[in-house]
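Asker: Hey, dropping entry07.txt in here, compact mmCIF, N, CA and C atoms:
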```txt
# COMPACT_ATOMS: atom_id res chain seq x y z
N MET A 24 -27.53 11.86 5.86
CA MET A 24 -26.15 11.67 5.45
C MET A 24 -25.65 10.32 5.88
N SER A 25 -26.25 9.69 6.85
CA SER A 25 -25.72 8.46 7.43
C SER A 25 -25.64 7.31 6.44
N ASN A 26 -26.38 7.34 5.35
CA ASN A 26 -26.29 6.24 4.40
C ASN A 26 -25.29 6.49 3.29
N ILE A 27 -24.61 7.62 3.31
CA ILE A 27 -23.59 7.91 2.31
C ILE A 27 -22.27 7.31 2.77
N VAL A 28 -21.64 6.58 1.87
CA VAL A 28 -20.40 5.89 2.21
C VAL A 28 -19.41 6.01 1.06
N GLN A 29 -18.14 5.99 1.40
CA GLN A 29 -17.10 5.94 0.38
C GLN A 29 -16.38 4.60 0.53
N TYR A 30 -16.36 3.84 -0.56
CA TYR A 30 -15.63 2.58 -0.58
C TYR A 30 -14.24 2.81 -1.16
N VAL A 31 -13.27 2.22 -0.50
CA VAL A 31 -11.88 2.24 -0.97
C VAL A 31 -11.44 0.78 -1.07
N ILE A 32 -10.95 0.40 -2.23
CA ILE A 32 -10.55 -0.99 -2.46
C ILE A 32 -9.08 -1.00 -2.82
N VAL A 33 -8.29 -1.71 -2.04
CA VAL A 33 -6.84 -1.72 -2.24
C VAL A 33 -6.38 -3.16 -2.46
N ARG A 34 -5.36 -3.30 -3.26
CA ARG A 34 -4.79 -4.62 -3.52
C ARG A 34 -4.16 -5.19 -2.26
N SER A 35 -4.66 -6.33 -1.83
CA SER A 35 -4.10 -6.95 -0.63
C SER A 35 -2.73 -7.57 -0.89
N ASP A 36 -2.40 -7.82 -2.14
CA ASP A 36 -1.09 -8.42 -2.45
C ASP A 36 0.05 -7.41 -2.39
N LEU A 37 -0.25 -6.13 -2.29
CA LEU A 37 0.84 -5.14 -2.22
C LEU A 37 1.72 -5.41 -1.01
N LYS A 38 1.09 -5.70 0.12
CA LYS A 38 1.85 -5.96 1.35
C LYS A 38 2.25 -7.43 1.46
N SER A 39 1.28 -8.33 1.21
CA SER A 39 1.52 -9.75 1.47
C SER A 39 2.46 -10.41 0.46
N VAL A 40 2.41 -10.00 -0.80
CA VAL A 40 3.23 -10.64 -1.84
C VAL A 40 4.38 -9.74 -2.28
N LEU A 41 4.08 -8.46 -2.49
CA LEU A 41 5.09 -7.54 -3.02
C LEU A 41 5.93 -6.88 -1.93
N GLY A 42 5.52 -7.07 -0.67
CA GLY A 42 6.33 -6.59 0.44
C GLY A 42 6.30 -5.10 0.69
N TRP A 43 5.24 -4.42 0.25
CA TRP A 43 5.15 -2.98 0.51
C TRP A 43 4.94 -2.76 2.01
N PRO A 44 5.55 -1.72 2.56
CA PRO A 44 5.29 -1.37 3.96
C PRO A 44 3.83 -0.93 4.12
N LEU A 45 3.27 -1.15 5.31
CA LEU A 45 1.89 -0.79 5.58
C LEU A 45 1.63 0.69 5.30
N GLY A 46 2.56 1.54 5.67
CA GLY A 46 2.38 2.98 5.43
C GLY A 46 2.24 3.31 3.95
N ALA A 47 2.99 2.62 3.11
CA ALA A 47 2.89 2.86 1.66
C ALA A 47 1.53 2.42 1.13
N VAL A 48 1.00 1.32 1.65
CA VAL A 48 -0.32 0.85 1.24
C VAL A 48 -1.39 1.85 1.67
N ILE A 49 -1.29 2.33 2.89
CA ILE A 49 -2.25 3.33 3.37
C ILE A 49 -2.17 4.60 2.53
N ALA A 50 -0.98 4.99 2.15
CA ALA A 50 -0.82 6.18 1.31
C ALA A 50 -1.55 6.03 -0.02
N GLN A 51 -1.57 4.82 -0.58
CA GLN A 51 -2.28 4.60 -1.84
C GLN A 51 -3.77 4.87 -1.67
N CYS A 52 -4.32 4.41 -0.55
CA CYS A 52 -5.74 4.66 -0.26
C CYS A 52 -6.01 6.16 -0.12
N CYS A 53 -5.10 6.84 0.56
CA CYS A 53 -5.25 8.29 0.74
C CYS A 53 -5.19 9.01 -0.60
N HIS A 54 -4.25 8.62 -1.46
CA HIS A 54 -4.14 9.25 -2.79
C HIS A 54 -5.44 9.08 -3.57
N ALA A 55 -5.93 7.85 -3.63
CA ALA A 55 -7.13 7.57 -4.42
C ALA A 55 -8.35 8.30 -3.86
N SER A 56 -8.49 8.29 -2.54
CA SER A 56 -9.63 8.95 -1.91
C SER A 56 -9.60 10.46 -2.16
N THR A 57 -8.45 11.06 -1.98
CA THR A 57 -8.32 12.50 -2.21
C THR A 57 -8.61 12.84 -3.67
N ALA A 58 -8.09 12.03 -4.58
CA ALA A 58 -8.28 12.29 -6.01
C ALA A 58 -9.76 12.21 -6.42
N VAL A 59 -10.46 11.17 -5.97
CA VAL A 59 -11.86 11.02 -6.37
C VAL A 59 -12.72 12.10 -5.73
N MET A 60 -12.38 12.51 -4.52
CA MET A 60 -13.13 13.59 -3.88
C MET A 60 -12.95 14.90 -4.66
N HIS A 61 -11.73 15.14 -5.11
CA HIS A 61 -11.47 16.36 -5.89
C HIS A 61 -12.19 16.30 -7.25
N LEU A 62 -12.10 15.16 -7.91
CA LEU A 62 -12.72 15.03 -9.23
C LEU A 62 -14.24 15.22 -9.17
N HIS A 63 -14.85 14.86 -8.05
CA HIS A 63 -16.31 14.92 -7.92
C HIS A 63 -16.74 15.90 -6.84
N ARG A 64 -15.96 16.95 -6.65
CA ARG A 64 -16.22 17.93 -5.60
C ARG A 64 -17.53 18.67 -5.77
N ASP A 65 -18.06 18.72 -7.00
CA ASP A 65 -19.33 19.43 -7.24
C ASP A 65 -20.54 18.50 -7.18
N ASP A 66 -20.30 17.22 -6.97
CA ASP A 66 -21.37 16.23 -6.88
C ASP A 66 -22.14 16.41 -5.56
N GLU A 67 -23.45 16.28 -5.60
CA GLU A 67 -24.28 16.52 -4.41
C GLU A 67 -23.97 15.55 -3.27
N ALA A 68 -23.76 14.28 -3.59
CA ALA A 68 -23.45 13.31 -2.53
C ALA A 68 -22.08 13.59 -1.92
N THR A 69 -21.13 14.00 -2.75
CA THR A 69 -19.80 14.35 -2.24
C THR A 69 -19.89 15.56 -1.32
N LYS A 70 -20.65 16.56 -1.72
CA LYS A 70 -20.82 17.74 -0.88
C LYS A 70 -21.45 17.37 0.46
N ALA A 71 -22.48 16.54 0.42
CA ALA A 71 -23.15 16.13 1.66
C ALA A 71 -22.18 15.35 2.55
N TYR A 72 -21.35 14.53 1.94
CA TYR A 72 -20.39 13.70 2.67
C TYR A 72 -19.39 14.56 3.43
N VAL A 73 -18.84 15.58 2.77
CA VAL A 73 -17.83 16.41 3.43
C VAL A 73 -18.44 17.51 4.30
N ASP A 74 -19.72 17.79 4.11
CA ASP A 74 -20.37 18.77 4.98
C ASP A 74 -20.53 18.26 6.41
N ASP A 75 -20.42 16.96 6.59
CA ASP A 75 -20.56 16.36 7.92
C ASP A 75 -19.26 15.60 8.24
N LEU A 76 -18.15 16.34 8.29
CA LEU A 76 -16.81 15.73 8.42
C LEU A 76 -16.68 14.74 9.57
N ASP A 77 -17.29 15.02 10.68
CA ASP A 77 -17.13 14.16 11.85
C ASP A 77 -17.88 12.84 11.75
N ASN A 78 -18.66 12.70 10.69
CA ASN A 78 -19.45 11.47 10.54
C ASN A 78 -19.23 10.78 9.19
N MET A 79 -18.10 11.08 8.54
CA MET A 79 -17.82 10.42 7.27
C MET A 79 -17.67 8.92 7.51
N HIS A 80 -18.16 8.13 6.55
CA HIS A 80 -18.09 6.68 6.65
C HIS A 80 -17.34 6.14 5.44
N LYS A 81 -16.20 5.50 5.72
CA LYS A 81 -15.41 4.85 4.67
C LYS A 81 -15.35 3.37 4.99
N VAL A 82 -15.32 2.55 3.93
CA VAL A 82 -15.13 1.12 4.07
C VAL A 82 -13.93 0.76 3.20
N VAL A 83 -12.91 0.15 3.82
CA VAL A 83 -11.69 -0.22 3.09
C VAL A 83 -11.70 -1.73 2.90
N LEU A 84 -11.75 -2.12 1.64
CA LEU A 84 -11.83 -3.52 1.26
C LEU A 84 -10.57 -3.95 0.53
N GLY A 85 -10.33 -5.24 0.48
CA GLY A 85 -9.17 -5.78 -0.22
C GLY A 85 -9.54 -6.46 -1.51
N ALA A 86 -8.77 -6.19 -2.55
CA ALA A 86 -8.86 -6.93 -3.82
C ALA A 86 -7.64 -7.83 -3.89
N LYS A 87 -7.81 -9.02 -4.40
CA LYS A 87 -6.75 -10.03 -4.38
C LYS A 87 -5.46 -9.55 -5.05
N ASP A 88 -5.60 -8.93 -6.22
CA ASP A 88 -4.42 -8.58 -7.01
C ASP A 88 -4.80 -7.55 -8.08
N GLU A 89 -3.86 -7.24 -8.95
CA GLU A 89 -4.09 -6.25 -10.00
C GLU A 89 -5.25 -6.64 -10.90
N GLU A 90 -5.32 -7.90 -11.28
CA GLU A 90 -6.39 -8.36 -12.16
C GLU A 90 -7.77 -8.13 -11.52
N ALA A 91 -7.90 -8.46 -10.25
CA ALA A 91 -9.17 -8.26 -9.54
C ALA A 91 -9.52 -6.77 -9.47
N LEU A 92 -8.52 -5.92 -9.25
CA LEU A 92 -8.75 -4.49 -9.19
C LEU A 92 -9.22 -3.96 -10.54
N ARG A 93 -8.57 -4.40 -11.61
CA ARG A 93 -8.96 -3.95 -12.96
C ARG A 93 -10.37 -4.43 -13.32
N LYS A 94 -10.71 -5.66 -12.95
CA LYS A 94 -12.05 -6.18 -13.23
C LYS A 94 -13.11 -5.37 -12.49
N LEU A 95 -12.82 -5.02 -11.24
CA LEU A 95 -13.76 -4.20 -10.48
C LEU A 95 -13.93 -2.83 -11.12
N SER A 96 -12.83 -2.22 -11.54
CA SER A 96 -12.91 -0.91 -12.18
C SER A 96 -13.77 -0.99 -13.44
N GLN A 97 -13.60 -2.05 -14.20
CA GLN A 97 -14.40 -2.21 -15.42
C GLN A 97 -15.88 -2.36 -15.08
N LYS A 98 -16.20 -3.15 -14.06
CA LYS A 98 -17.59 -3.34 -13.65
C LYS A 98 -18.20 -2.02 -13.18
N LEU A 99 -17.43 -1.26 -12.40
CA LEU A 99 -17.92 0.04 -11.93
C LEU A 99 -18.17 0.98 -13.09
N THR A 100 -17.24 1.00 -14.05
CA THR A 100 -17.38 1.86 -15.23
C THR A 100 -18.62 1.48 -16.04
N GLU A 101 -18.81 0.18 -16.24
CA GLU A 101 -19.97 -0.30 -17.00
C GLU A 101 -21.29 0.09 -16.35
N ASN A 102 -21.27 0.27 -15.04
CA ASN A 102 -22.49 0.62 -14.31
C ASN A 102 -22.53 2.09 -13.90
N ASP A 103 -21.67 2.89 -14.52
CA ASP A 103 -21.62 4.35 -14.30
C ASP A 103 -21.42 4.72 -12.83
N ILE A 104 -20.61 3.92 -12.13
CA ILE A 104 -20.24 4.22 -10.76
C ILE A 104 -18.91 4.98 -10.83
N LYS A 105 -18.94 6.23 -10.42
CA LYS A 105 -17.76 7.10 -10.52
C LYS A 105 -16.70 6.68 -9.51
N HIS A 106 -15.48 6.55 -9.99
CA HIS A 106 -14.38 6.11 -9.14
C HIS A 106 -13.06 6.56 -9.74
N LYS A 107 -12.01 6.38 -8.97
CA LYS A 107 -10.66 6.69 -9.44
C LYS A 107 -9.78 5.49 -9.11
N MET A 108 -9.15 4.94 -10.14
CA MET A 108 -8.16 3.91 -9.89
C MET A 108 -6.81 4.62 -9.80
N TRP A 109 -6.17 4.48 -8.64
CA TRP A 109 -4.89 5.13 -8.43
C TRP A 109 -3.80 4.26 -9.04
N ILE A 110 -2.95 4.90 -9.87
CA ILE A 110 -1.83 4.21 -10.50
C ILE A 110 -0.56 4.87 -9.98
N GLU A 111 0.17 4.14 -9.17
CA GLU A 111 1.37 4.68 -8.55
C GLU A 111 2.45 4.92 -9.60
N GLN A 112 3.02 6.12 -9.56
CA GLN A 112 4.06 6.53 -10.49
C GLN A 112 5.38 6.71 -9.74
N PRO A 113 6.51 6.50 -10.33
CA PRO A 113 6.70 6.23 -11.75
C PRO A 113 6.60 4.74 -12.11
N GLU A 114 6.25 3.90 -11.15
CA GLU A 114 6.22 2.46 -11.40
C GLU A 114 5.08 2.02 -12.31
N ASN A 115 4.03 2.87 -12.41
CA ASN A 115 2.87 2.57 -13.24
C ASN A 115 2.11 1.34 -12.74
N ILE A 116 1.95 1.25 -11.41
CA ILE A 116 1.31 0.10 -10.77
C ILE A 116 -0.08 0.50 -10.27
N PRO A 117 -1.14 -0.14 -10.78
CA PRO A 117 -2.48 0.10 -10.22
C PRO A 117 -2.53 -0.45 -8.80
N THR A 118 -2.90 0.39 -7.85
CA THR A 118 -2.84 -0.03 -6.45
C THR A 118 -4.18 0.00 -5.74
N CYS A 119 -5.07 0.87 -6.15
CA CYS A 119 -6.23 1.15 -5.31
C CYS A 119 -7.34 1.79 -6.15
N ILE A 120 -8.57 1.57 -5.71
CA ILE A 120 -9.74 2.26 -6.27
C ILE A 120 -10.44 2.98 -5.13
N ALA A 121 -10.81 4.21 -5.37
CA ALA A 121 -11.70 4.91 -4.44
C ALA A 121 -12.95 5.28 -5.22
N VAL A 122 -14.09 4.95 -4.66
CA VAL A 122 -15.38 5.28 -5.24
C VAL A 122 -15.83 6.60 -4.63
N LYS A 123 -16.38 7.47 -5.43
CA LYS A 123 -16.90 8.72 -4.86
C LYS A 123 -18.00 8.38 -3.86
N PRO A 124 -18.29 9.25 -2.95
CA PRO A 124 -19.36 8.96 -1.99
C PRO A 124 -20.71 8.72 -2.70
N TYR A 125 -21.37 7.66 -2.29
CA TYR A 125 -22.69 7.28 -2.81
C TYR A 125 -23.54 6.80 -1.65
N ALA A 126 -24.84 6.76 -1.87
CA ALA A 126 -25.71 6.04 -0.94
C ALA A 126 -25.25 4.57 -0.97
N LYS A 127 -25.15 3.97 0.18
CA LYS A 127 -24.63 2.61 0.30
C LYS A 127 -25.32 1.64 -0.66
N ASP A 128 -26.61 1.74 -0.78
CA ASP A 128 -27.37 0.82 -1.64
C ASP A 128 -26.99 0.92 -3.12
N ASP A 129 -26.44 2.05 -3.54
CA ASP A 129 -26.05 2.23 -4.94
C ASP A 129 -24.77 1.49 -5.31
N VAL A 130 -23.93 1.22 -4.31
CA VAL A 130 -22.60 0.66 -4.61
C VAL A 130 -22.36 -0.70 -3.98
N HIS A 131 -22.99 -0.97 -2.86
CA HIS A 131 -22.69 -2.20 -2.10
C HIS A 131 -22.77 -3.45 -2.96
N LYS A 132 -23.71 -3.51 -3.89
CA LYS A 132 -23.88 -4.71 -4.72
C LYS A 132 -22.65 -5.01 -5.58
N PHE A 133 -21.83 -4.00 -5.85
CA PHE A 133 -20.63 -4.21 -6.68
C PHE A 133 -19.42 -4.66 -5.86
N VAL A 134 -19.47 -4.47 -4.56
CA VAL A 134 -18.31 -4.78 -3.71
C VAL A 134 -18.62 -5.81 -2.63
N LYS A 135 -19.85 -6.32 -2.60
CA LYS A 135 -20.26 -7.20 -1.51
C LYS A 135 -19.46 -8.50 -1.44
N ASN A 136 -18.80 -8.89 -2.52
CA ASN A 136 -18.00 -10.11 -2.51
C ASN A 136 -16.59 -9.89 -1.95
N LEU A 137 -16.24 -8.64 -1.69
CA LEU A 137 -14.91 -8.32 -1.14
C LEU A 137 -14.96 -8.29 0.38
N LYS A 138 -13.82 -8.57 1.00
CA LYS A 138 -13.75 -8.56 2.47
C LYS A 138 -13.01 -7.31 2.93
N LEU A 139 -13.26 -6.96 4.18
CA LEU A 139 -12.53 -5.85 4.78
C LEU A 139 -11.03 -6.13 4.68
N LEU A 140 -10.26 -5.10 4.38
CA LEU A 140 -8.82 -5.26 4.28
C LEU A 140 -8.25 -5.62 5.64
N LYS A 141 -7.39 -6.62 5.64
CA LYS A 141 -6.71 -7.03 6.87
C LYS A 141 -5.21 -6.87 6.67
N GLU A 142 -4.54 -6.71 7.78
CA GLU A 142 -3.08 -6.56 7.72
C GLU A 142 -2.50 -7.82 7.19
```
Can the structure from this file be put into structure tokens for me?
Answerer:
Amino acid sequence: MSNIVQYVIVRSDLKSVLGWPLGAVIAQCCHASTAVMHLHRDDEATKAYVDDLDNMHKVVLGAKDEEALRKLSQKLTENDIKHKMWIEQPENIPTCIAVKPYAKDDVHKFVKNLKLLKE
């Protein structure tokens, strides 16, 4: 199970440019992660990931802005990487992507250019 990871990618401009409070940004990550876990609850990697709750591994990365987030979603879709792009309502603002749990080697190549999210 140790090589299974969930990547969460959030727009870094939500806080730095748009002035969202840190808690609101974190909530976006939680929404996306919960949604993708629910959507793929019958997936074998997802089951293995949640079967070992105390050892779940998440990596939270930053995307520059909405355009970068949309481009990443398109690349993931083209490569059949299951994910959920969270769109905050009622504002209709794409804020975050959560990738379902995968073996790290299956997904890392798509996100290796992103950096860990910083405050």
Asker: Mind running region 48-74 of chain A against region 102-115 of chain A at 8 Å and telling me each contacting residue's nearest atom pair with the distance in Å (one decimal), counting all atoms listed in the file, chain and number ascending, as CSV?
Answerer:
```
residue,atom,partner,partner_atom,distance
A:Gln51,C,A:Trp109,CA,6.9
A:Cys52,N,A:Trp109,CA,7.9
A:His54,C,A:Trp109,CA,6.3
A:Ala55,CA,A:Trp109,CA,5.2
A:Ser56,N,A:Lys107,C,7.3
A:Ala58,C,A:Lys107,CA,6.4
A:Val59,CA,A:Lys107,N,5.3
A:Met60,N,A:Lys107,N,7.6
```
Asker: Just want the 12 Å neighbourhood of Leu45 (chain A), counted on only C-alpha atoms, with same-chain residues fewer than 3 positions away dropped. Output as a ChimeraX atom specification.
Answerer: /A:33-39,41-42,48-52,140-142
Asker: Quick one: pull the distance between CA of Leu139 (chain A) and atom C of Ile120 (chain A), Å, one decimal.
Answerer: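 Value for the CA of Leu139 (chain A)-atom C of Ile120 (chain A) distance: 13.4 Å.
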Asker: Which one of A:Glu67, A:Gln97, A:Leu92, A:Trp43 sits closest to Cys119 (chain A) if you count only N, CA and C atoms?
Answerer: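 Using only N, CA and C atoms, Cys119 (chain A) sits closest to A:Leu92.
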Asker: As number ranges by chain, please: every residue in chain A that a backbone DSSP assignment puts in strand (DSSP E).
Answerer: A: 27-34, 81-86, 106-111, 116-122, 125-126, 138-139
